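J.: Take this structure, written in structure tokens, and hold onto it; I'll ask about it next.
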6 protein chains.
Amino acid sequence: MVKIMYHNPLGNSNYDQVFLDATKAHARPGTEIHVTSLPPEDGAFEHIEYRSYEGRVTTGVMRAVRAAARADFDAFVIGCFYDTALHEARELSGDMIVVAPCMAACEIATSLANRFGVIIGRRKWANQMHGNIVEYGHGGRCTGLYHVELGVTEFQADHDETEKRLLAAGRRAVEEDYAEAIILGCTLEIGFHERLQDQLGVPVIDPSIAAFKRAEYAAALRRDCGWVPSRKWTCEAPPEEEMARVGGFDVNRPFGNHISGAA
Amino acid sequence: MVKIMYHNPLGNSNYDQVFLDATKAHARPGTEIHVTSLPPEDGAFEHIEYRSYEGRVTTGVMRAVRAAARADFDAFVIGCFYDTALHEARELSGDMIVVAPCMAACEIATSLANRFGVIIGRRKWANQMHGNIVEYGHGGRCTGLYHVELGVTEFQADHDETEKRLLAAGRRAVEEDYAEAIILGCTLEIGFHERLQDQLGVPVIDPSIAAFKRAEYAAALRRDCGWVPSRKWTCEAPPEEEMARVGGFDVNRPFGNHISGAA
Amino acid sequence: MVKIMYHNPLGNSNYDQVFLDATKAHARPGTEIHVTSLPPEDGAFEHIEYRSYEGRVTTGVMRAVRAAARADFDAFVIGCFYDTALHEARELSGDMIVVAPCMAACEIATSLANRFGVIIGRRKWANQMHGNIVEYGHGGRCTGLYHVELGVTEFQADHDETEKRLLAAGRRAVEEDYAEAIILGCTLEIGFHERLQDQLGVPVIDPSIAAFKRAEYAAALRRDCGWVPSRKWTCEAPPEEEMARVGGFDVNRPFGNHISGAA
Amino acid sequence: MVKIMYHNPLGNSNYDQVFLDATKAHARPGTEIHVTSLPPEDGAFEHIEYRSYEGRVTTGVMRAVRAAARADFDAFVIGCFYDTALHEARELSGDMIVVAPCMAACEIATSLANRFGVIIGRRKWANQMHGNIVEYGHGGRCTGLYHVELGVTEFQADHDETEKRLLAAGRRAVEEDYAEAIILGCTLEIGFHERLQDQLGVPVIDPSIAAFKRAEYAAALRRDCGWVPSRKWTCEAPPEEEMARVGGFDVNRPFGNHISGAA
Amino acid sequence: MVKIMYHNPLGNSNYDQVFLDATKAHARPGTEIHVTSLPPEDGAFEHIEYRSYEGRVTTGVMRAVRAAARADFDAFVIGCFYDTALHEARELSGDMIVVAPCMAACEIATSLANRFGVIIGRRKWANQMHGNIVEYGHGGRCTGLYHVELGVTEFQADHDETEKRLLAAGRRAVEEDYAEAIILGCTLEIGFHERLQDQLGVPVIDPSIAAFKRAEYAAALRRDCGWVPSRKWTCEAPPEEEMARVGGFDVNRPFGNHISGAA
Amino acid sequence: MVKIMYHNPLGNSNYDQVFLDATKAHARPGTEIHVTSLPPEDGAFEHIEYRSYEGRVTTGVMRAVRAAARADFDAFVIGCFYDTALHEARELSGDMIVVAPCMAACEIATSLANRFGVIIGRRKWANQMHGNIVEYGHGGRCTGLYHVELGVTEFQADHDETEKRLLAAGRRAVEEDYAEAIILGCTLEIGFHERLQDQLGVPVIDPSIAAFKRAEYAAALRRDCGWVPSRKWTCEAPPEEEMARVGGFDVNRPFGNHISGAA
């Protein structure tokens with residue numbers, strides 16, 4: 001049995017059940033899944049499309065990471081395609097492994113195809129996401145970021161409209177720019193990857209599911225091989241006594257919502 | 001139940017049991033493992049340290065891939081840190097996913113540390129391996145390739161001597177070049193990663209086990225998510241009728257040895 | 001008259017006077033300088049050597065940026081060589097320009113020399129700082145990051161010892177790696193650049209002063225040329241009404257300490 | 001009081017007053033501005049759109065640099081967006097700092113926006129200018145070079161036509177390629193940046209003014225901080241005695257025209 | 001007199017005379033040209049558009065290289081724009097130099113123009129060819145790969161249709177993407193470069209002729225300067241005694257066809 | 001018969017006979033070789049180790065290029081490892097091809113080995129030469145630039161001392177940094193490559209001879225294939241009438257010395 005926490009860095013639980021259902025539907029036998037989100041006191045963020053919103057939820061993500069590590073989770077999923085607070089989270093995760101959707105989706109897509117396109121919601125997101133893809137080493141394999149003029153909270157509003165736009169963007173990526181796989185560039189594009197894959201005829205990677213599966217994999221690496229994060233040189237974590245002295249790294253209520261299940 | 005083939009692209013079965021034991025020892029429940037090697041008629045290669053030796057075994061690897069795909073394996077591991085014939089194998093693998101040790105080890109190492117060193121046997125190997133690491137996008141995270149003056153077939157000859165040399169090279173990488181994780185750069189460095197990890201205090205990634213676990217992961221992605229290789233644009237496979245006309249892509253005996261087991 | 005805020009993202013005011021004195025001593029006539037630090041309720045951080053510490057102070061930096069922008073400051077200096085929260089701060093700064101020490105020091109060093117070395121405190125810092133230098137476009141001009149085994153709070157403890165170590169590291173950079181300029185890689189290496197420059201015979205750039213001067217320059221560009229931050233595409237700021245609804249972007253006391261002066 | 005020389009590497013004084021007026025209009029109090037151009041004996045160049053024309057004026061630029069350095073100028077502006085002879089000029093400038101329009105404009109644009117487009121006159125110019133942008137480290141931030149089919153001497157001929165073309169190119173950069181700032185890629189595009197900025201709604205950087213302001217900044221760094229060019233390793237200048245022996249580095253009339261003013 | 005082998009890695013001799021005629025027509029006085037192809041027992045490949053086809057012919061290419069080296073050829077041309085088996089061939093070539101069309105064509109094109117476009121047959125080829133161009137260091141000088149929807153064996157079927165398509169693709173590269181030279185991206189685009197060059201007004205490089213001329217050059221470097229392949233470090237060749245023990249590196253009939261001529 | 005001009009961009013003829021002898025000794029039959037240097041009125045440069053010296057001789061190089069092109073030379077060699085004025089020369093060369101030592105030597109070295117080291121005279125040269133190597137696409141194949149503390153004019157002063165230093169630097173490159181070939185990084189290192197090659201056991205490329213042979217190759221490409229420089233887009237040359245109007249591109253005495261010979 002491995003334990004995965006999928007953490008949704010938003011200040012509400014609106015989509016937590018959606019993510020639990022989706023991850024359960026794609027889980028390995030023996031995987032225990034917990035879905036959590038931020039406590040409302042961390043801010044009533046319904047989306048974190050802005051860097052400043054990410055900056056605001058980073059503290060909450062770190063607290064969630066520490067709580068999960070103490071509860072002996074094997075792996076922790078950051079539930080945003082910006083891979084929000086990945087560096088901070090990895091520093092604090094002890095022997096727990098932290099994974100993130102953009103990195104996970106790139107790894108999968110490049111194992112299945114030579115080049116991929118990314119369908120995002122708004123142009124606003126492009127700079128940070130493309131920067132991450134370049135940093136992860138996949139810049140030369142990305143055909144582009146295609147925005148569909150939908151905000152995070154709009155993807156799940158009118159499913160027909162969303163699918164129509166995702167499909168049009170996917171066609172553009174595949175037919176005009178020669179993408180051979182598609183990555184959905186927002187965790188709230190969830191629920192569309194299978195129908196798009198059927199219609200586009202190329203692999204379509206859902207980032208939430210990708211990150212969740214990467215977390216299962218990380219958990220297996222930890223359990224079966226003993227591979228856990230390095231704490232050497234630049235991977236060093238802060239001293240616990242210093243963190244205690246400064247205060248604020250731990251709170252009584254690190255999660256606003258917490259539901260769980262298994263395959 | 002997922003089915004993984006670990007294919008050792010050598011013309012003998014000397015190490016097949018070693019790889020079966022090692023992969024079994026690190027397998028998930030429900031993983032069926034097959035270890036195969038090349039038939040002797042493909043050449044009595046005891047190692048493939050040269051590009052020309054790789055060139056010679058490529059046809060056999062392709063035949064093994066096709067045989068495995070027909071037998072409905074989920075994933076296929078290329079058992080050499082050169083990631084020998086990875087591009088060719090991926091083209092022919094149908095819905096089966098092909099993974100390789102260097103790529104798998106880099107993905108794991110960079111999820112656990114910011115920078116890694118690679119311990120190789122002879123300087124001869126450095127150009128091709130470094131080229132792969134750069135192509136995979138991890139050039140900026142590699143502190144160096146450290147050779148220990150041992151050929152492929154010597155790693156398992158005198159275990160004390162091998163461990164001594166691997167440890168010295170690891171120390172050099174960690175202490176002088178600030179590596180935060182170590183990748184063992186030959187599948188025949190198998191059996192050392194745990195003791196090295198204990199002594200070096202950083203993650204030490206065995207490439208055979210890394211590739212095997214990556215194959216389990218790929219199999220899960222295929223079974224649970226329906227993610228299989230793209231066949232669009234540059235991922236297109238040759239037409240079966242043309243391959244039949246040309247001949248030689250399939251043989252009666254694609255494997256010289258074939259053993260199997262499960263966790 | 002231009003107005004510059006130098007913001008020290010620490011939870012104490014221990015060094016605020018040091019930074020005011022140093023910036024005043026290097027200011028243009030007509031520059032009004034304000035030095036601020038974080039309110040203690042943002043955490044009693046005496047240093048932010050860890051990414052998780054940076055994550056914790058990011059909210060406070062954003063609040064300081066918004067307060068400064070509302071008070072019609074021309075430019076805002078982030079007082080940490082990690083260039084902590086630069087992206088978040090720039091998003092929220094309105095017509096005020098945000099500058100940061102590493103970026104400013106690289107610009108100056110590369111206008112005076114072809115290659116530069118960076119002297120840092122601890123190896124821990126190297127990955128993030130080198131990543132920034134690469135992102136800023138100066139990776140090929142950096143001879144290395146040289147750590148002197150001193151934490152942030154130790155640089156000002158024993159000035160003779162600090163100078164001795166900085167000098168030895170500078171010599172190594174210049175004589176062994178052919179650096180032609182030196183960047184001091186921590187704002188608390190303040191007070192040493194002139195003596196080091198005399199002894200090393202190459203330009204030695206203090207990052208706090210560099211960032212302060214870059215802020216004066218940014219202020220001049222704003223005042224004299226009308227050049228203020230773009231708000232198009234990925235530079236878009238969050239809507240004020242949404243920020244108000246979420247809450248927490250503004251507080252009554254955005255600064256723990258606030259002193260000011262002029263040349 | 002700081003002293004800046006804006007040097008127009010052309011063999012006539014047709015635009016010298018234009019540049020003096022424009023720099024004066026954007027100067028800090030206390031800046032003394034000198035505008036010079038080449039003596040006619042260096043060739044009657046009305047533009048230097050060709051590399052071979054640049055090659056011809058390089059000697060004159062070097063002589064101007066040496067004359068300015070001897071006259072204790074703080075900074076010297078090369079008045080061409082090719083950043084003509086920047087490397088040669090920096091070698092000979094002693095304690096005076098040499099700045100150039102393309103580099104200055106890139107620094108400013110990237111402090112205000114994530115990506116910028118450059119509007120040039122003729123396609124001829126694209127290779128060298130793009131090469132410079134890449135060398136300066138900003139290749140990944142440039143959306144493209146947009147030519148408007150006007151030669152250097154045509155920009156100031158019909159202002160309405162020029163503005164129309166610059167505006168169309170700017171719209172293309174912003175709307176089709178997602179530029180967030182615009183750099184005008186010729187010093188003779190002077191006089192248009194404010195109206196374009198108003199109409200395009202993104203920062204529009206005039207390169208002459210950018211370089212002039214960068215020179216003021218460099219002068220402040222020299223005066224207030226003592227930061228002058230390195231002369232170590234590859235920054236070494238030729239020995240004066242050797243230059244005297246060879247001859248030709250200095251002439252009686254280093255400038256064809258020389259006018260000055262202050263804000 | 002220098003001796004060049006142009007080796008066509010196909011399992012038929014259909015085009016051997018074409019290549020002999022074309023190379024003879026462009027040869028230096030004193031060049032002896034041999035054109036060979038694979039023996040049919042290596043597979044009846046009429047084209048090698050797939051990586052797996054390349055993998056199949058690699059052994060035959062290596063045998064041809066060894067046979068040519070033993071026969072004291074000065075240089076060996078790999079007759080496919082994939083530069084098939086270049087690394088393997090170079091390892092085994094002893095004192096003979098191995099050249100390949102893509103690398104040769106890039107060297108020529110970049111000595112004549114700043115940027116070039118490549119006209120290929122099918123999109124399938126783009127990933128590998130672009131990868132080579134990047135590896136060779138010319139990624140930043142390539143405007144794109146333009147496919148004309150023709151397979152290898154179709155280029156010589158209807159010359160009017162082929163020319164029409166090559167011309168249209170060339171126009172697109174030159175007029176829309178500002179290519180300044182064109183490389184024909186398949187050895188079977190032979191016979192068209194002169195007419196295309198006339199019509200496009202830019203250099204059009206035929207890859208077979210380019211590689212042949214590069215081979216003449218390599219032969220001259222060997223004969224006149226003594227420059228032959230390095231065998232140090234990663235350039236080390238396998239030991240002959242090991243190759244003999246393994247077997248299969250040499251065969252009685254290394255070539256299926258073998259014709260020759262001279263200018 | 002092809003006609004090559006080897007142009008020595010110095011203001012004396014001290015080494016002209018040396019270069020004529022060396023190129024003749026390595027020429028193809030049918031190559032007519034002319035060695036020229038600058039007229040003394042272009043400055044009495046005995047070396048051009050400084051960028052400013054290069055800037056001074058650029059006009060003379062351009063005049064020599066134009067004179068050679070008018071005299072129907074096939075190719076023109078720039079005789080300095082800085083590849084001085086290569087861009088300017090190529091713009092003006094009409095149908096004549098311009099080649100340069102660093103670019104030619106890199107092409108040869110990388111066709112014979114995977115990695116090369118460059119032996120230079122003084123550290124001063126490193127920045128420009130390394131920049132060229134990177135621009136040419138070979139940065140990742142260069143193990144380093146090794147200086148031997150000799151100026152240009154000192155290489156030919158004491159041959160034993162020079163050889164001793166070159167050999168020591170070559171050993172360092174090969175044994176410590178794993179270079180597999182050596183490039184001599186100054187045209188005045190002429191005369192040593194054969195003895196060094198014997199002693200080091202790897203290819204040692206003399207840059208003057210490399211450039212001369214590259215010129216022969218370019219001449220063959222022009223004569224046999226009709227491949228001459230592109231004049232499209234950024235390769236456009238200045239209009240002759242404009243050059244005439246400006247004046248100074250042509251002089252009565254474009255060469256100070258002019259000797260010739262043939263193999």
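We label chains A, B, ... in the order they appear in the structure tokens, count residues from 1 in each chain, and number ligands from 1 in the order shown.
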Produce the least-squares-superposed copy of chain F, fitted on chain A over all in-order C-alpha pairs, as a CSV table (one decimal) with C-alpha atoms, in the first residue's frame.
T.:
chain,number,residue,atom,x,y,z
F,1,MET,CA,0.0,0.0,0.0
F,2,VAL,CA,1.4,3.4,-1.0
F,3,LYS,CA,-0.1,6.7,0.2
F,4,ILE,CA,-0.4,9.7,-2.2
F,5,MET,CA,-1.6,13.1,-1.4
F,6,TYR,CA,-3.0,15.1,-4.2
F,7,HIS,CA,-3.0,18.7,-3.0
F,8,ASN,CA,-5.2,21.3,-4.7
F,9,PRO,CA,-3.6,24.7,-3.9
F,10,LEU,CA,-6.9,26.5,-3.9
F,11,GLY,CA,-8.9,28.0,-1.0
F,12,ASN,CA,-12.0,26.0,-1.7
F,13,SER,CA,-12.9,22.3,-2.1
F,14,ASN,CA,-15.1,22.8,-5.2
F,15,TYR,CA,-13.0,20.4,-7.3
F,16,ASP,CA,-11.6,18.0,-4.7
F,17,GLN,CA,-14.1,15.3,-5.4
F,18,VAL,CA,-13.5,15.7,-9.1
F,19,PHE,CA,-9.8,15.0,-8.6
F,20,LEU,CA,-10.5,12.2,-6.2
F,21,ASP,CA,-12.8,10.5,-8.6
F,22,ALA,CA,-10.4,11.0,-11.5
F,23,THR,CA,-7.3,9.7,-9.7
F,24,LYS,CA,-9.2,6.8,-8.2
F,25,ALA,CA,-10.4,5.9,-11.7
F,26,HIS,CA,-6.7,5.7,-12.9
F,27,ALA,CA,-5.1,4.3,-9.8
F,28,ARG,CA,-3.1,1.1,-9.3
F,29,PRO,CA,-4.4,-1.4,-6.8
F,30,GLY,CA,-3.0,-0.7,-3.4
F,31,THR,CA,-2.8,3.1,-3.8
F,32,GLU,CA,-4.4,5.1,-1.1
F,33,ILE,CA,-5.3,8.6,-2.4
F,34,HIS,CA,-5.9,11.7,-0.3
F,35,VAL,CA,-7.2,14.9,-1.9
F,36,THR,CA,-6.7,18.1,0.1
F,37,SER,CA,-7.0,21.8,-0.5
F,38,LEU,CA,-6.0,24.9,1.4
F,39,PRO,CA,-7.7,26.2,4.5
F,40,PRO,CA,-9.8,29.2,3.7
F,41,GLU,CA,-7.6,31.4,6.0
F,42,ASP,CA,-4.9,31.1,3.4
F,43,GLY,CA,-7.1,33.1,1.1
F,44,ALA,CA,-10.2,32.4,-0.9
F,45,PHE,CA,-8.3,31.6,-4.1
F,46,GLU,CA,-10.6,30.1,-6.7
F,47,HIS,CA,-7.7,30.0,-9.2
F,48,ILE,CA,-4.0,30.9,-9.1
F,49,GLU,CA,-3.5,32.3,-12.6
F,50,TYR,CA,-1.2,35.0,-11.3
F,51,ARG,CA,2.3,34.7,-10.0
F,52,SER,CA,1.2,36.8,-7.0
F,53,TYR,CA,-1.6,34.4,-6.3
F,54,GLU,CA,0.9,31.6,-6.4
F,55,GLY,CA,3.1,33.6,-4.0
F,56,ARG,CA,0.2,33.8,-1.6
F,57,VAL,CA,-0.6,30.1,-1.5
F,58,THR,CA,3.1,29.0,-1.3
F,59,THR,CA,3.1,29.1,2.5
F,60,GLY,CA,0.0,26.9,2.6
F,61,VAL,CA,1.6,24.4,0.1
F,62,MET,CA,4.7,24.2,2.3
F,63,ARG,CA,2.6,23.5,5.4
F,64,ALA,CA,0.7,20.8,3.6
F,65,VAL,CA,3.9,19.2,2.5
F,66,ARG,CA,5.2,19.1,6.0
F,67,ALA,CA,2.0,17.7,7.4
F,68,ALA,CA,2.0,15.0,4.7
F,69,ALA,CA,5.6,14.1,5.3
F,70,ARG,CA,4.9,13.7,9.0
F,71,ALA,CA,1.9,11.5,8.2
F,72,ASP,CA,4.3,9.3,6.2
F,73,PHE,CA,2.9,9.9,2.8
F,74,ASP,CA,5.1,8.5,0.0
F,75,ALA,CA,4.5,11.2,-2.5
F,76,PHE,CA,2.8,14.6,-2.7
F,77,VAL,CA,1.2,16.0,-5.9
F,78,ILE,CA,1.1,19.8,-6.4
F,79,GLY,CA,-2.2,20.2,-8.2
F,80,CYS,CA,-1.4,23.1,-10.5
F,81,PHE,CA,0.2,23.1,-14.0
F,82,TYR,CA,2.4,26.0,-12.9
F,83,ASP,CA,4.1,23.4,-10.7
F,84,THR,CA,3.5,26.0,-8.0
F,85,ALA,CA,6.1,26.0,-5.2
F,86,LEU,CA,7.8,22.9,-6.4
F,87,HIS,CA,11.3,24.0,-5.3
F,88,GLU,CA,10.1,25.1,-1.9
F,89,ALA,CA,8.1,21.9,-1.4
F,90,ARG,CA,11.0,19.7,-2.3
F,91,GLU,CA,13.2,21.4,0.2
F,92,LEU,CA,10.8,20.6,3.1
F,93,SER,CA,9.5,17.2,2.1
F,94,GLY,CA,12.0,15.0,4.1
F,95,ASP,CA,11.8,11.4,2.7
F,96,MET,CA,8.5,12.1,0.8
F,97,ILE,CA,8.8,12.8,-2.9
F,98,VAL,CA,7.1,15.9,-4.4
F,99,VAL,CA,5.8,15.7,-8.0
F,100,ALA,CA,4.2,18.3,-10.3
F,101,PRO,CA,1.9,18.2,-13.3
F,102,CYS,CA,3.9,20.0,-15.9
F,103,MET,CA,7.1,18.0,-15.2
F,104,ALA,CA,5.2,14.7,-15.1
F,105,ALA,CA,3.3,15.4,-18.3
F,106,CYS,CA,6.4,16.4,-20.2
F,107,GLU,CA,8.2,13.2,-19.1
F,108,ILE,CA,5.2,11.1,-20.3
F,109,ALA,CA,4.7,13.0,-23.5
F,110,THR,CA,8.3,12.7,-24.6
F,111,SER,CA,8.3,9.0,-23.9
F,112,LEU,CA,5.5,8.6,-26.4
F,113,ALA,CA,6.2,11.2,-29.0
F,114,ASN,CA,9.0,13.4,-30.3
F,115,ARG,CA,7.2,16.7,-30.1
F,116,PHE,CA,4.2,18.0,-28.1
F,117,GLY,CA,1.9,21.0,-27.9
F,118,VAL,CA,0.4,22.4,-24.8
F,119,ILE,CA,-3.2,23.8,-24.6
F,120,ILE,CA,-3.5,26.5,-22.0
F,121,GLY,CA,-6.3,28.7,-20.9
F,122,ARG,CA,-5.1,32.3,-21.3
F,123,ARG,CA,-2.0,33.9,-22.8
F,124,LYS,CA,-1.1,35.2,-19.4
F,125,TRP,CA,0.1,31.7,-18.4
F,126,ALA,CA,2.5,31.2,-21.3
F,127,ASN,CA,5.7,32.8,-20.0
F,128,GLN,CA,5.9,30.9,-16.8
F,129,MET,CA,4.8,27.6,-18.2
F,130,HIS,CA,7.2,27.8,-21.2
F,131,GLY,CA,10.0,28.8,-18.8
F,132,ASN,CA,9.3,25.7,-16.8
F,133,ILE,CA,9.3,23.5,-19.9
F,134,VAL,CA,12.7,25.0,-20.9
F,135,GLU,CA,14.1,24.5,-17.4
F,136,TYR,CA,13.0,20.9,-17.4
F,137,GLY,CA,14.9,20.3,-20.6
F,138,HIS,CA,12.1,20.0,-23.1
F,139,GLY,CA,12.1,23.4,-24.8
F,140,GLY,CA,13.2,21.9,-28.1
F,141,ARG,CA,10.4,19.4,-28.1
F,142,CYS,CA,7.5,21.9,-27.5
F,143,THR,CA,5.7,23.1,-30.6
F,144,GLY,CA,4.0,25.9,-28.8
F,145,LEU,CA,1.5,26.9,-26.1
F,146,TYR,CA,-2.0,27.3,-27.5
F,147,HIS,CA,-4.5,29.4,-25.5
F,148,VAL,CA,-8.2,29.0,-25.7
F,149,GLU,CA,-9.4,32.1,-24.0
F,150,LEU,CA,-10.8,30.4,-20.9
F,151,GLY,CA,-9.9,31.0,-17.3
F,152,VAL,CA,-9.2,28.2,-14.9
F,153,THR,CA,-12.7,28.4,-13.5
F,154,GLU,CA,-14.4,28.3,-16.9
F,155,PHE,CA,-13.1,25.0,-18.1
F,156,GLN,CA,-15.7,23.1,-16.2
F,157,ALA,CA,-18.6,25.5,-16.8
F,158,ASP,CA,-19.8,24.5,-20.3
F,159,HIS,CA,-18.3,21.2,-21.2
F,160,ASP,CA,-19.3,21.3,-24.8
F,161,GLU,CA,-17.8,24.7,-25.4
F,162,THR,CA,-14.6,23.7,-23.6
F,163,GLU,CA,-14.2,20.5,-25.6
F,164,LYS,CA,-14.8,22.4,-28.8
F,165,ARG,CA,-12.1,24.9,-28.0
F,166,LEU,CA,-9.6,22.3,-26.8
F,167,LEU,CA,-10.2,20.3,-29.9
F,168,ALA,CA,-9.7,23.3,-32.2
F,169,ALA,CA,-6.4,24.1,-30.4
F,170,GLY,CA,-5.3,20.5,-30.6
F,171,ARG,CA,-6.0,20.4,-34.3
F,172,ARG,CA,-3.9,23.5,-34.8
F,173,ALA,CA,-1.0,22.1,-32.8
F,174,VAL,CA,-1.1,18.7,-34.7
F,175,GLU,CA,-1.9,19.9,-38.2
F,176,GLU,CA,-0.1,23.2,-38.4
F,177,ASP,CA,2.8,22.8,-36.1
F,178,TYR,CA,3.3,19.0,-36.3
F,179,ALA,CA,2.7,18.2,-32.7
F,180,GLU,CA,2.7,14.4,-32.1
F,181,ALA,CA,1.2,14.5,-28.6
F,182,ILE,CA,-0.9,17.0,-26.7
F,183,ILE,CA,-0.5,18.1,-23.1
F,184,LEU,CA,-3.5,19.8,-21.4
F,185,GLY,CA,-2.0,22.7,-19.6
F,186,CYS,CA,-4.3,23.2,-16.7
F,187,THR,CA,-5.4,20.7,-14.0
F,188,LEU,CA,-9.0,21.9,-14.6
F,189,GLU,CA,-8.9,20.7,-18.2
F,190,ILE,CA,-9.7,17.4,-16.4
F,191,GLY,CA,-12.3,15.1,-18.0
F,192,PHE,CA,-11.5,15.8,-21.6
F,193,HIS,CA,-8.3,13.9,-22.4
F,194,GLU,CA,-10.0,10.7,-23.5
F,195,ARG,CA,-12.4,12.2,-26.0
F,196,LEU,CA,-9.7,14.5,-27.3
F,197,GLN,CA,-7.3,11.6,-27.7
F,198,ASP,CA,-9.9,9.7,-29.7
F,199,GLN,CA,-10.6,12.6,-32.0
F,200,LEU,CA,-7.0,13.9,-32.5
F,201,GLY,CA,-5.4,10.5,-32.9
F,202,VAL,CA,-2.4,11.3,-30.8
F,203,PRO,CA,-1.7,10.8,-27.1
F,204,VAL,CA,-3.4,13.5,-25.0
F,205,ILE,CA,-1.9,13.8,-21.5
F,206,ASP,CA,-4.1,15.1,-18.6
F,207,PRO,CA,-1.7,16.8,-16.2
F,208,SER,CA,-3.5,15.9,-13.0
F,209,ILE,CA,-3.6,12.2,-13.8
F,210,ALA,CA,0.0,12.4,-15.1
F,211,ALA,CA,1.2,13.9,-11.8
F,212,PHE,CA,-0.8,11.4,-9.8
F,213,LYS,CA,0.6,8.5,-11.7
F,214,ARG,CA,4.1,10.0,-11.4
F,215,ALA,CA,3.5,10.1,-7.6
F,216,GLU,CA,2.6,6.4,-7.6
F,217,TYR,CA,5.8,5.8,-9.5
F,218,ALA,CA,7.8,7.9,-7.0
F,219,ALA,CA,6.2,6.0,-4.2
F,220,ALA,CA,7.2,2.7,-5.7
F,221,LEU,CA,10.8,4.0,-6.1
F,222,ARG,CA,10.8,4.9,-2.4
F,223,ARG,CA,9.2,1.7,-1.2
F,224,ASP,CA,10.9,-0.8,-3.5
F,225,CYS,CA,14.3,0.8,-4.1
F,226,GLY,CA,14.9,3.2,-1.2
F,227,TRP,CA,15.2,6.2,-3.4
F,228,VAL,CA,14.3,9.3,-1.5
F,229,PRO,CA,15.3,13.0,-1.9
F,230,SER,CA,18.9,14.0,-1.5
F,231,ARG,CA,19.6,16.4,1.3
F,232,LYS,CA,23.2,17.2,0.2
F,233,TRP,CA,24.5,20.6,-0.9
F,234,THR,CA,21.8,22.7,-2.6
F,235,CYS,CA,19.1,20.1,-1.5
F,236,GLU,CA,19.7,20.8,2.2
F,237,ALA,CA,16.6,21.4,4.3
F,238,PRO,CA,16.4,24.1,6.9
F,239,PRO,CA,17.2,23.0,10.5
F,240,GLU,CA,14.1,22.0,12.4
F,241,GLU,CA,15.1,24.1,15.5
F,242,GLU,CA,15.5,27.2,13.4
F,243,MET,CA,12.1,26.6,11.8
F,244,ALA,CA,10.6,26.2,15.2
F,245,ARG,CA,12.2,29.4,16.4
F,246,VAL,CA,10.9,31.4,13.4
F,247,GLY,CA,7.5,29.8,13.6
F,248,GLY,CA,4.7,29.5,11.1
F,249,PHE,CA,5.9,26.4,9.2
F,250,ASP,CA,3.3,24.3,10.9
F,251,VAL,CA,-0.4,25.0,11.8
F,252,ASN,CA,-3.1,23.1,13.5
F,253,ARG,CA,-5.2,23.0,10.3
F,254,PRO,CA,-2.9,22.6,7.3
F,255,PHE,CA,-5.8,21.5,5.0
F,256,GLY,CA,-9.2,23.1,4.5
F,257,ASN,CA,-10.6,19.9,3.1
F,258,HIS,CA,-9.4,16.3,3.2
F,259,ILE,CA,-11.0,13.4,1.5
F,260,SER,CA,-9.6,10.0,0.6
F,261,GLY,CA,-10.2,6.8,-1.3
F,262,ALA,CA,-8.5,3.9,-3.0
F,263,ALA,CA,-8.9,2.2,-6.4
J.: Apply DSSP to the backbone of this structure and, from stretch 11-133 of chain E, keep only the residues in strand (DSSP E); write these as a list in words.
T.: Thr31, Glu32, Ile33, His34, Val35, Thr36, Ser37, Ala75, Phe76, Val77, Ile78, Ile97, Val98, Val99, Phe116, Gly117, Val118, Ile119 and Ile120 of chain E
J.: Write out as a PyMOL selection string the set of residues from stretch 79-151 of chain A that DSSP, computed on the backbone, places in helix (DSSP H, G or I).
T.: chain A and resi 86-92+101-112+123-135+139-141
